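Structure file final_26.txt; described as compact mmCIF, C-alpha atoms.
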```txt
# COMPACT_ATOMS: atom_id res chain seq x y z
CA MET A 1 0.00 0.00 0.00
CA ASN A 2 1.66 3.19 -1.10
CA ALA A 3 0.93 6.73 0.04
CA ARG A 4 -1.74 7.32 -2.56
CA GLU A 5 -3.59 4.13 -1.77
CA PHE A 6 -3.48 4.99 1.91
CA ASN A 7 -4.92 8.37 1.12
CA ASN A 8 -7.74 6.90 -0.94
CA ALA A 9 -8.56 4.28 1.68
CA LEU A 10 -8.85 7.01 4.29
CA ALA A 11 -11.08 9.11 2.04
CA GLU A 12 -13.35 6.13 1.48
CA LYS A 13 -13.61 5.22 5.16
CA LEU A 14 -14.33 8.75 6.34
CA ASP A 15 -16.54 9.46 3.35
CA ILE A 16 -14.65 12.57 2.27
CA THR A 17 -12.89 13.59 -0.93
CA GLN A 18 -9.33 12.52 -1.62
CA ASP A 19 -8.11 16.11 -1.44
CA GLU A 20 -9.65 16.53 1.98
CA ALA A 21 -8.07 13.28 3.07
CA ALA A 22 -4.69 14.55 1.87
CA THR A 23 -4.93 17.73 3.96
CA LEU A 24 -6.12 15.73 6.96
CA ILE A 25 -3.10 13.41 6.73
CA GLU A 26 -0.83 16.38 6.37
CA THR A 27 -2.12 18.15 9.47
CA MET A 28 -2.20 14.93 11.45
CA THR A 29 1.41 13.99 10.68
CA ASP A 30 2.37 17.58 11.35
CA ILE A 31 0.88 17.32 14.83
CA PHE A 32 2.65 13.98 15.34
CA ARG A 33 5.89 15.58 14.29
CA LYS A 34 5.49 18.38 16.81
CA SER A 35 4.70 15.91 19.58
CA PHE A 36 7.71 13.70 18.82
CA GLY A 37 9.90 16.77 18.61
CA LYS A 38 8.99 17.40 22.26
CA GLU A 39 9.83 13.80 23.17
CA GLY A 40 6.19 12.87 23.47
CA SER A 41 4.79 9.42 22.88
CA ILE A 42 1.50 8.49 21.27
CA THR A 43 -0.34 5.25 21.91
CA PHE A 44 -3.10 3.79 19.75
CA GLN A 45 -5.26 1.18 21.39
CA ASN A 46 -4.82 -2.28 19.84
CA PHE A 47 -2.32 -0.96 17.34
CA GLY A 48 0.87 0.14 18.99
CA SER A 49 2.73 3.16 20.22
CA PHE A 50 5.18 5.65 18.84
CA SER A 51 7.90 6.88 21.13
CA THR A 52 11.27 8.55 20.93
CA LYS A 53 14.38 7.08 22.41
CA LYS A 54 17.83 8.45 23.03
CA VAL A 55 20.68 6.36 21.67
CA GLU A 56 23.82 6.77 23.77
CA PRO A 57 27.16 7.54 22.13
CA ARG A 58 28.92 4.36 21.20
CA LYS A 59 32.12 3.14 19.70
CA GLY A 60 32.00 1.39 16.44
CA TYR A 61 33.65 0.77 13.14
CA SER A 62 32.73 3.13 10.36
CA PRO A 63 32.92 1.26 7.08
CA ILE A 64 32.91 4.55 5.21
CA LEU A 65 35.93 5.97 6.97
CA LYS A 66 37.43 2.53 7.59
CA LYS A 67 38.22 3.63 11.12
CA TYR A 68 37.03 3.15 14.65
CA VAL A 69 35.03 6.16 15.72
CA LEU A 70 32.84 7.34 18.55
CA PHE A 71 29.37 7.86 17.17
CA PRO A 72 27.46 10.78 18.68
CA PRO A 73 24.25 10.32 20.64
CA LYS A 74 21.01 10.64 18.72
CA ARG A 75 17.29 10.52 19.21
CA VAL A 76 15.20 8.14 17.15
CA LEU A 77 11.50 7.52 16.60
CA GLU A 78 10.36 4.00 17.37
CA PHE A 79 7.16 2.14 16.77
CA SER A 80 6.32 -0.80 18.99
CA PRO A 81 3.34 -2.80 17.85
CA SER A 82 0.77 -3.96 20.38
CA GLU A 83 0.54 -7.64 21.30
CA LYS A 84 -2.69 -7.89 19.34
CA LEU A 85 -1.17 -6.52 16.15
CA LYS A 86 1.89 -8.73 16.57
CA ASP A 87 -0.28 -11.82 16.90
CA GLU A 88 -2.50 -11.00 13.99
CA VAL A 89 0.40 -10.35 11.70
CA LYS A 90 2.49 -13.37 12.67
CA SER A 91 1.14 -15.93 10.28
CA ILE A 92 0.39 -13.96 7.15
CA ASN A 93 1.84 -15.35 3.93
CA LEU A 94 4.08 -12.72 2.40
CA LYS A 95 4.71 -12.83 -1.31
CA MET B 1 8.96 11.35 28.16
CA GLU B 2 5.51 12.77 28.10
CA LYS B 3 2.53 10.72 27.00
CA ILE B 4 0.16 12.46 24.66
CA SER B 5 -3.40 11.27 24.94
CA LEU B 6 -5.75 10.86 22.03
CA GLN B 7 -7.86 13.62 23.51
CA GLU B 8 -5.01 16.09 23.18
CA LEU B 9 -4.47 14.97 19.59
CA ILE B 10 -8.15 15.38 18.80
CA ASP B 11 -8.11 18.89 20.21
CA ALA B 12 -5.02 19.78 18.20
CA ILE B 13 -6.53 18.42 15.00
CA THR B 14 -9.85 20.20 15.41
CA LYS B 15 -7.98 23.41 16.08
CA ALA B 16 -5.77 23.07 13.02
CA THR B 17 -8.41 21.96 10.49
CA GLY B 18 -11.76 23.14 11.76
CA ILE B 19 -13.38 19.71 11.57
CA SER B 20 -15.62 18.55 14.39
CA LYS B 21 -14.35 16.55 17.34
CA LYS B 22 -16.34 13.58 16.20
CA GLU B 23 -14.63 13.61 12.84
CA ALA B 24 -11.18 13.98 14.38
CA ASP B 25 -11.94 11.09 16.68
CA ASP B 26 -12.96 8.99 13.69
CA LEU B 27 -9.80 9.94 11.87
CA LEU B 28 -7.59 8.77 14.71
CA HIS B 29 -9.45 5.48 14.96
CA VAL B 30 -9.50 4.85 11.26
CA PHE B 31 -5.84 5.65 10.84
CA PRO B 32 -4.47 2.56 12.64
CA GLU B 33 -7.17 0.39 11.12
CA ILE B 34 -6.09 1.26 7.60
CA ILE B 35 -2.47 0.58 8.41
CA GLU B 36 -3.40 -2.76 9.85
CA GLU B 37 -5.47 -3.69 6.81
CA GLY B 38 -2.72 -2.55 4.47
CA LEU B 39 -0.16 -4.62 6.35
CA LYS B 40 -2.31 -7.69 6.10
CA LYS B 41 -2.99 -7.13 2.42
CA ASP B 42 0.35 -5.98 1.00
CA GLY B 43 2.80 -6.31 3.85
CA VAL B 44 3.81 -2.68 3.42
CA VAL B 45 2.14 0.66 4.12
CA LYS B 46 3.56 4.06 3.35
CA VAL B 47 2.14 7.08 5.10
CA LYS B 48 3.16 10.45 3.74
CA GLY B 49 4.91 12.55 6.37
CA LEU B 50 5.22 9.72 8.87
CA GLY B 51 7.06 6.73 7.47
CA THR B 52 6.82 3.18 6.25
CA PHE B 53 5.37 0.18 8.05
CA LYS B 54 6.56 -3.15 6.75
CA LEU B 55 6.21 -6.79 7.60
CA LYS B 56 9.45 -8.67 7.88
CA ARG B 57 9.84 -12.40 7.83
CA VAL B 58 11.73 -13.85 10.79
CA ALA B 59 13.16 -17.32 10.22
CA ALA B 60 12.57 -20.11 12.72
CA ARG B 61 15.23 -20.36 15.39
CA ALA B 62 16.06 -22.30 18.51
CA GLY B 63 15.19 -20.71 21.81
CA ARG B 64 14.43 -21.56 25.39
CA ASN B 65 11.35 -21.37 27.48
CA MET B 66 12.21 -18.68 30.00
CA GLN B 67 10.31 -20.33 32.83
CA THR B 68 11.27 -23.96 32.44
CA GLY B 69 14.59 -23.62 30.62
CA GLU B 70 13.42 -26.21 28.16
CA ARG B 71 14.56 -26.00 24.55
CA VAL B 72 11.92 -24.88 22.10
CA THR B 73 11.85 -23.90 18.48
CA ILE B 74 10.50 -20.46 17.79
CA PRO B 75 8.58 -20.87 14.54
CA ALA B 76 9.06 -18.57 11.58
CA HIS B 77 6.82 -15.54 11.80
CA ASN B 78 6.35 -11.97 10.64
CA LYS B 79 7.10 -8.86 12.59
CA VAL B 80 6.18 -5.23 12.07
CA THR B 81 8.95 -2.78 11.38
CA PHE B 82 8.64 0.96 11.13
CA THR B 83 11.05 3.32 9.40
CA PRO B 84 10.37 7.02 9.89
CA GLU B 85 10.55 9.30 6.91
CA LYS B 86 13.69 11.33 6.54
CA ASP B 87 11.97 14.58 7.49
CA MET B 88 10.45 13.02 10.59
CA ALA B 89 13.70 11.37 11.66
CA GLU B 90 15.57 14.65 11.31
CA HIS B 91 12.96 16.53 13.25
CA VAL B 92 13.08 14.04 16.13
CA ASN B 93 16.87 14.21 16.14
CA LYS B 94 17.06 18.00 15.92
CA ASP B 95 18.79 18.42 19.29
CA PHE B 96 21.76 16.31 18.21
CA LYS B 97 21.81 17.48 14.64
CA TYR B 98 25.22 19.06 14.72
CA LEU B 99 27.11 16.31 16.51
CA THR B 100 29.54 14.34 14.45
CA TYR B 101 31.60 11.27 15.09
CA LYS B 102 34.95 11.49 16.78
CA GLU B 103 37.89 9.43 15.68
CA LEU B 104 39.54 7.01 18.05
CA GLY B 105 43.08 5.71 17.97
CA GLU B 106 43.61 2.14 16.84
CA LYS B 107 44.58 0.94 20.26
CA GLU B 108 41.74 2.69 22.00
CA ALA B 109 39.26 1.16 19.66
CA SER B 110 40.59 -2.35 19.73
CA LYS B 111 40.91 -2.50 23.49
CA GLU B 112 37.55 -0.94 24.14
CA LYS B 113 38.52 0.23 27.57
CA PRO B 114 41.56 2.31 27.36
CA GLU B 115 41.19 5.96 27.87
CA LYS B 116 41.75 6.28 31.57
CA LYS B 117 45.15 4.72 31.46
CA PRO B 118 47.27 7.46 30.04
CA PRO B 119 47.38 9.45 33.25
CA ALA B 120 49.03 6.64 35.14
CA PRO B 121 52.57 6.59 33.86
CA PRO B 122 53.11 10.34 33.73
CA VAL B 123 52.70 10.58 37.47
CA GLN B 124 55.34 8.06 38.05
CA LYS B 125 57.60 9.68 35.57
CA GLN B 126 57.55 12.86 37.53
CA GLU B 127 58.79 11.06 40.52
CA ALA B 128 61.42 9.50 38.40
CA PRO B 129 64.10 12.14 38.03
CA PRO B 130 65.75 12.22 41.48
CA PRO B 131 67.83 9.07 41.11
CA THR B 132 70.64 9.47 38.61
CA PRO B 133 70.38 7.81 35.26
CA VAL B 134 73.29 5.52 35.96
CA LYS B 135 71.53 3.88 38.87
CA LYS B 136 68.45 3.37 36.87
CA GLU B 137 70.20 1.33 34.31
CA GLU B 138 71.58 -1.01 36.89
CA LYS B 139 68.38 -1.62 38.75
CA PRO B 140 66.22 -3.16 36.09
CA THR B 141 68.58 -6.08 35.98
CA PRO B 142 67.16 -8.06 38.87
CA LYS B 143 63.62 -6.82 38.85
CA ALA B 144 60.65 -8.12 36.94
CA PRO B 145 60.62 -6.77 33.41
CA PRO B 146 57.56 -8.26 31.65
CA PRO B 147 54.86 -5.63 32.14
CA PRO B 148 56.68 -2.44 31.24
CA PRO B 149 57.33 -2.84 27.52
CA GLU B 150 53.73 -2.09 26.69
CA LYS B 151 52.96 0.49 29.29
CA PRO B 152 55.44 3.17 28.48
CA LYS B 153 54.68 3.12 24.78
CA GLN B 154 50.95 3.37 25.00
CA PRO B 155 50.84 6.57 26.92
CA ALA B 156 53.37 8.08 24.61
CA LYS B 157 51.03 7.56 21.69
CA LYS B 158 47.74 8.24 23.39
CA GLY B 159 49.10 11.28 25.10
CA SER B 160 49.19 13.08 21.83
CA PHE B 161 45.41 12.77 21.34
CA ASN B 162 44.37 14.99 24.13
CA PRO B 163 46.66 17.98 24.10
CA TYR B 164 45.11 19.65 27.15
CA TRP B 165 46.57 17.42 29.78
CA TYR B 166 49.56 15.96 28.17
CA ILE B 167 51.54 18.73 26.64
CA PRO B 168 53.47 19.61 29.78
CA ILE B 169 53.98 15.96 30.60
CA VAL B 170 55.22 15.11 27.16
CA LEU B 171 57.62 18.03 27.22
CA PHE B 172 58.87 16.87 30.55
CA ILE B 173 59.45 13.34 29.30
CA ILE B 174 61.35 14.62 26.32
CA ALA B 175 63.55 16.71 28.58
CA VAL B 176 64.30 13.70 30.77
CA LEU B 177 64.99 11.57 27.76
CA LEU B 178 67.36 14.09 26.30
CA VAL B 179 69.34 14.27 29.54
CA ILE B 180 69.57 10.52 29.77
CA PHE B 181 70.46 10.16 26.16
CA TYR B 182 73.11 12.78 26.48
CA LEU B 183 74.63 11.12 29.55
CA ARG B 184 74.63 7.78 27.87
CA ALA B 185 76.27 9.19 24.81
CA CYS B 186 78.99 10.62 27.02
CA GLN B 187 79.58 7.30 28.70
CA ASP B 188 80.24 5.65 25.43
CA GLU B 189 77.30 3.66 24.14
CA GLU B 190 77.46 0.28 25.73
CA PRO B 191 74.01 -1.23 25.74
CA PRO B 192 75.14 -4.75 26.84
CA ALA B 193 74.64 -3.46 30.35
CA PHE B 194 70.94 -4.03 30.06
CA LYS B 195 70.38 -5.73 26.74
CA PRO B 196 70.92 -9.32 27.80
CA VAL B 197 69.15 -8.82 31.05
CA PRO B 198 65.38 -9.04 30.69
CA SER B 199 64.21 -12.12 28.92
CA GLU B 200 61.54 -11.11 26.42
CA GLN B 201 61.78 -7.41 26.52
CA PRO B 202 64.86 -6.73 24.42
CA VAL B 203 63.48 -8.60 21.47
CA LEU B 204 60.49 -6.33 21.33
CA LYS B 205 62.49 -3.24 21.80
CA GLN B 206 65.18 -3.93 19.31
CA ALA B 207 62.77 -4.84 16.56
CA GLU B 208 61.40 -1.33 16.39
CA PRO B 209 64.35 0.95 16.88
CA ALA B 210 66.38 -1.02 14.38
CA GLU B 211 64.28 0.36 11.57
CA ASP B 212 63.84 3.85 12.84
CA THR B 213 65.99 6.78 13.71
CA ALA B 214 67.49 8.20 16.83
CA ALA B 215 64.14 9.49 17.95
CA LEU B 216 63.03 5.99 18.71
CA LYS B 217 66.18 5.14 20.51
CA GLU B 218 65.11 7.63 23.06
CA GLU B 219 62.11 5.52 23.78
CA GLU B 220 64.33 2.55 24.20
CA VAL B 221 66.21 4.34 26.89
CA GLN B 222 63.10 5.52 28.59
CA GLU B 223 61.69 2.10 29.27
CA PRO B 224 64.18 0.81 31.78
CA VAL B 225 63.80 4.05 33.68
CA GLU B 226 60.16 3.47 34.39
CA GLU B 227 60.54 -0.11 35.42
CA VAL B 228 62.45 1.02 38.37
CA VAL B 229 59.98 3.59 39.45
CA GLU B 230 56.86 1.53 39.23
CA GLU B 231 57.94 -1.05 41.71
CA PRO B 232 58.40 1.13 44.74
CA VAL B 233 55.11 2.87 44.02
CA GLU B 234 53.21 -0.38 44.26
CA GLU B 235 54.63 -1.04 47.64
CA ILE B 236 53.69 2.37 48.97
CA SER B 237 50.24 2.11 47.53
CA LYS B 238 48.24 0.87 50.49
CA VAL B 239 46.35 3.51 52.34
CA GLN B 240 45.14 1.88 55.51
CA GLU B 241 43.56 4.87 57.22
CA PRO B 242 41.78 7.81 55.67
CA PHE B 243 43.68 11.06 56.06
CA ASN B 244 43.59 14.66 54.92
CA TYR B 245 45.73 15.91 52.12
CA THR B 246 46.21 19.40 50.77
CA ILE B 247 46.60 19.60 47.06
CA GLU B 248 49.83 21.06 45.86
CA ARG B 249 50.23 23.25 42.87
CA GLY B 250 49.59 21.46 39.58
CA GLU B 251 48.33 18.23 41.06
CA TYR B 252 45.33 16.51 39.52
CA LEU B 253 43.14 13.85 41.05
CA TYR B 254 44.38 11.10 38.82
CA GLN B 255 47.91 11.88 39.95
CA LEU B 256 46.83 11.47 43.54
CA GLY B 257 45.35 8.10 42.60
CA GLY B 258 48.74 6.99 41.39
CA LYS B 259 50.50 8.54 44.34
CA PHE B 260 48.45 6.99 47.12
CA TYR B 261 47.02 3.83 45.64
CA GLY B 262 49.57 2.97 42.98
CA ASP B 263 46.93 3.03 40.28
CA SER B 264 45.68 6.32 38.91
CA LEU B 265 42.46 4.66 37.78
CA LEU B 266 41.45 4.64 41.41
CA TRP B 267 41.33 8.43 41.57
CA VAL B 268 37.56 8.16 41.40
CA LEU B 269 37.66 7.02 45.01
CA ILE B 270 39.05 10.38 46.01
CA TYR B 271 36.54 12.20 43.86
CA ARG B 272 33.68 10.20 45.30
CA GLU B 273 34.71 11.03 48.84
CA ASN B 274 35.09 14.74 48.11
CA LYS B 275 32.44 15.42 45.56
CA GLU B 276 30.85 18.11 47.70
CA ILE B 277 34.09 20.07 47.68
CA LEU B 278 34.98 19.47 44.06
CA ASP B 279 32.45 20.51 41.47
CA ASP B 280 34.45 19.80 38.37
CA PRO B 281 36.61 16.68 38.62
CA GLU B 282 39.11 18.09 36.17
CA GLU B 283 39.87 21.39 37.84
CA VAL B 284 41.12 20.86 41.32
CA ALA B 285 42.05 24.14 42.91
CA THR B 286 45.44 24.24 44.50
CA GLY B 287 45.32 24.36 48.28
CA LYS B 288 42.04 22.54 48.83
CA THR B 289 42.14 19.92 51.55
CA LEU B 290 40.72 16.58 50.57
CA VAL B 291 40.01 13.43 52.49
CA ILE B 292 41.92 10.52 51.02
CA PRO B 293 39.78 7.45 51.72
CA ALA B 294 41.33 4.17 52.79
CA LEU B 295 41.83 1.30 50.39
CA GLU B 296 41.30 -2.03 52.08
CA GLY B 297 43.16 -4.10 49.55
CA SER B 298 45.82 -2.89 47.17
CA ALA B 299 45.62 -1.67 43.62
CA GLY B 300 46.30 -5.12 42.27
CA ASN B 301 44.08 -6.91 44.73
CA LEU B 302 40.90 -5.02 45.53
CA THR B 303 38.46 -6.17 48.14
CA ARG B 304 34.77 -6.36 47.37
CA ASN B 305 34.10 -3.22 49.31
CA ASP B 306 36.76 -1.37 47.33
CA SER B 307 35.26 -2.50 44.05
CA VAL B 308 31.84 -1.34 45.09
CA ARG B 309 33.12 2.10 45.99
CA ILE B 310 35.22 2.46 42.86
CA SER B 311 32.39 1.33 40.63
CA ASP B 312 30.13 3.78 42.38
CA GLY B 313 32.67 6.54 41.84
CA TYR B 314 32.68 5.81 38.12
CA ARG B 315 28.91 5.80 38.16
CA ILE B 316 28.84 9.29 39.66
CA LEU B 317 31.23 10.53 37.01
CA TYR B 318 29.29 8.73 34.31
CA GLU B 319 26.21 10.63 35.35
CA TYR B 320 28.13 13.88 35.67
CA TYR B 321 29.56 13.70 32.16
CA GLY B 322 26.38 12.15 30.81
CA ALA B 323 24.45 15.22 31.89
CA LEU B 324 26.98 17.37 30.04
CA GLU B 325 26.60 15.17 26.95
CA ASP B 326 30.36 14.88 27.04
CA ALA B 327 31.95 12.45 24.62
CA ARG B 328 34.06 11.04 27.45
CA THR B 329 31.00 9.63 29.15
CA SER B 330 31.70 6.19 27.76
CA ARG B 331 35.03 5.95 29.58
CA PHE B 332 33.30 6.18 32.91
CA TYR B 333 30.77 3.67 31.81
CA TRP B 334 33.67 1.41 31.09
CA GLY B 335 35.10 2.00 34.56
CA MET B 336 31.75 1.30 36.13
CA ILE B 337 31.60 -2.08 34.41
CA ARG B 338 35.22 -2.96 34.97
CA TYR B 339 35.18 -2.47 38.72
CA ARG B 340 31.76 -3.88 39.26
CA PRO B 341 32.20 -6.56 41.94
```

Could you take the file, read its structure, and then write that structure out as C-alpha cells?
Amino acid sequence: MNAREFNNALAEKLDITQDEAATLIETMTDIFRKSFGKEGSITFQNFGSFSTKKVEPRKGYSPILKKYVLFPPKRVLEFSPSEKLKDEVKSINLK
Amino acid sequence: MEKISLQELIDAITKATGISKKEADDLLHVFPEIIEEGLKKDGVVKVKGLGTFKLKRVAARAGRNMQTGERVTIPAHNKVTFTPEKDMAEHVNKDFKYLTYKELGEKEASKEKPEKKPPAPPVQKQEAPPPTPVKKEEKPTPKAPPPPPEKPKQPAKKGSFNPYWYIPIVLFIIAVLLVIFYLRACQDEEPPAFKPVPSEQPVLKQAEPAEDTAALKEEEVQEPVEEVVEEPVEEISKVQEPFNYTIERGEYLYQLGGKFYGDSLLWVLIYRENKEILDDPEEVATGKTLVIPALEGSAGNLTRNDSVRISDGYRILYEYYGALEDARTSRFYWGMIRYRP
C-alpha cells in the first residue's frame, strides 16, 4: 500500500474527498511531528505506540571511513506494535 | 517522556483543520485500522509525512522457554517494522543534529577500555628524576621486566590525542629523555649493560628501533627508567587509614590516585569522597584539603568493598559527564563495568 492508496482508503472510510483526506493526513502527521519533537509518545489502542528514544554515544567501526570512531548520541523515533497486532500479523503469507 | 493522549491529539486536529471533534476522533481510529489492513494485504504501508510500516519475515530459530529452561523452536513468523521518513527522523533528532563522530586511535578502539590509562605513567615519571640515570640502568637487571614494555609506549602515543593534559607531561618526558640520552652518549654507548638482562623485553624493543631513527632510541632508553619507578610505588600504595591531604600546585586527582594507591584509575575514590568540595573533577584548585579514603586491599588486589566504591565513583562521574553530553561519558561507563564486583 503506497501513500496514494493509503490516502484513498482514508477518504473512502471517512466518506470525504481525496483532497480533503490529503490535507487531513498532512495536518495529522504535522501534529505527530510536533509531539515527537517534544519527546512525546503516542499510543493507539490495539495498534501500537510511537515513542522517541535516546541512543547513547557508542564506539564502532565506520565502514565509510574505515576507522574506529565514537558515534554521537542521537534521538530516534520507534514504533512498537501492540501484542494484538503482533499476533495478527504473525502468520500472514508474504509474497 | 511525556505521554500524549488521544484527547489532546483530537483537540489539536480540530484546532488546526476546523473539523468537528467527532470527525477527528474517527480519523484517529480509522488511521491505525487502515495501516493494519494494508499490512495484512500488501505487507507494506507508506504514510506520507510519517514513514513506512513493513512486515518482515523472521526465520525459525532455537530458543528456550524462560520459565522452564526447556529448549523450544520459535517458529518462523512476521514482525512489524517501522522506518520514519527522513523529514520526521531529522525533526526528532534536531537536538543532536550538529554532533559528528569522533575518531579514536587504533589501540583505543581495539581494546575498548583504554582511555583512563594514560594518566598513570606520567605521574610516576615525575617522581622518576631524582635518582641518577646511571643507577636506573643497573636496577632493572634483577627486577621483573615483563609488564613495562607495553605500558610506556601506550601513553606516549595516546598522550598526543588529548593535548590539554599531556603537553606539559610530554615536554617533561622529552627533557628527561634528552638528559639521559646525552649522559649515555657521554659514557660511550654500551648497551650490553641491560640488553641481555630481561628475557623477552629486548626482542620487542630492538625490533622497532632497528628500523627507525634516533628518535626511537630515546624511547628505548626511557623504558628501563620506568621499570624502576613503578615497583616502589606499588609497595607504597596501600592507604590503611583515611587522612587529609592538601593539594599542591599542579596536582590533579588522577595523579593522587597513582600517588596513594599505585593506580591512577582509582582516583575516582578520592573524587567520590570529596564530591561536595569538588564541582568539576578536572579542575582541582590548589590548596584545597581533601580526604583521602582508605583502600582495604591494594591496587592489584581489591576487596569487594573497594570495588563497590570504585564502581560507584565511576557511576557518579558517568552521570556527571552524561548530563553534560560529554563524549568522554563512555570511559566512565567502562570503569563502572570494569570495577563492578

Of the residues B:Leu266, B:Ile316, B:Leu295, B:Ile74, which is the one nearest to chain A, using all atoms listed in the file? B:Ile74

d(CA of Ser41 (chain A), CA of Ala3 (chain A)) in Å: 23.3 Å

For Arg58 (chain A), which residue out of B:Ile292, B:Val170, B:Ile19, B:Leu104 is the nearest one, using only C-alpha atoms?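 Once distances to Arg58 (chain A) are computed over only C-alpha atoms, the minimum belongs to B:Leu104.
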
Distance of CA of Ser51 (chain A) from CA of Glu39 (chain A), expressed in Å to one decimal place: 7.5 Å

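Here CA of Lys74 (chain A) stands at a distance of 10.0 Å from CA of Glu90 (chain B).
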
Among A:Lys13, A:Lys66, A:Lys59, A:Lys84, Phe44 (chain A) is approached most closely, using all atoms listed in the file, by A:Lys84

For chain B, which of A:Gln18, A:Asn8, A:Thr29, A:Gln45 is the closest residue, counting all atoms listed in the file? A:Thr29

For Glu88 (chain A), work out the shell of residues within 12 Å, counting only C-alpha atoms and skipping chain neighbours fewer than 3 positions away, then give it as a list in words.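 My reading of the contact set: Asn46, Phe47, Pro81, Ser82, Glu83, Lys84, Leu85, Ser91, Ile92 and Asn93 of chain A; Glu36, Glu37, Leu39, Lys40, Leu55, His77, Asn78, Lys79 and Val80 of chain B.
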
What are the residues of chain A that have an atom within 7 Å of an atom of chain B, counting all atoms listed in the file, as a PyMOL selection string? chain A and resi 1-3+6+26+28-29+33+36-37+39-42+47+68-77+79+81+86+89-92+94

Which residue is closest to Ile247 (chain B)? Choose from B:Trp267, B:Val308, B:Lys288, B:Asp279 and count all atoms listed in the file.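 Checking each of B:Trp267, B:Val308, B:Lys288, B:Asp279 against Ile247 (chain B), counting all atoms listed in the file, the winner is B:Lys288.
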
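Take the candidates B:Thr286, B:Ala59, B:Tyr261, B:Arg71 and check each one against Arg249 (chain B) using all atoms listed in the file; the shortest distance goes to B:Thr286.
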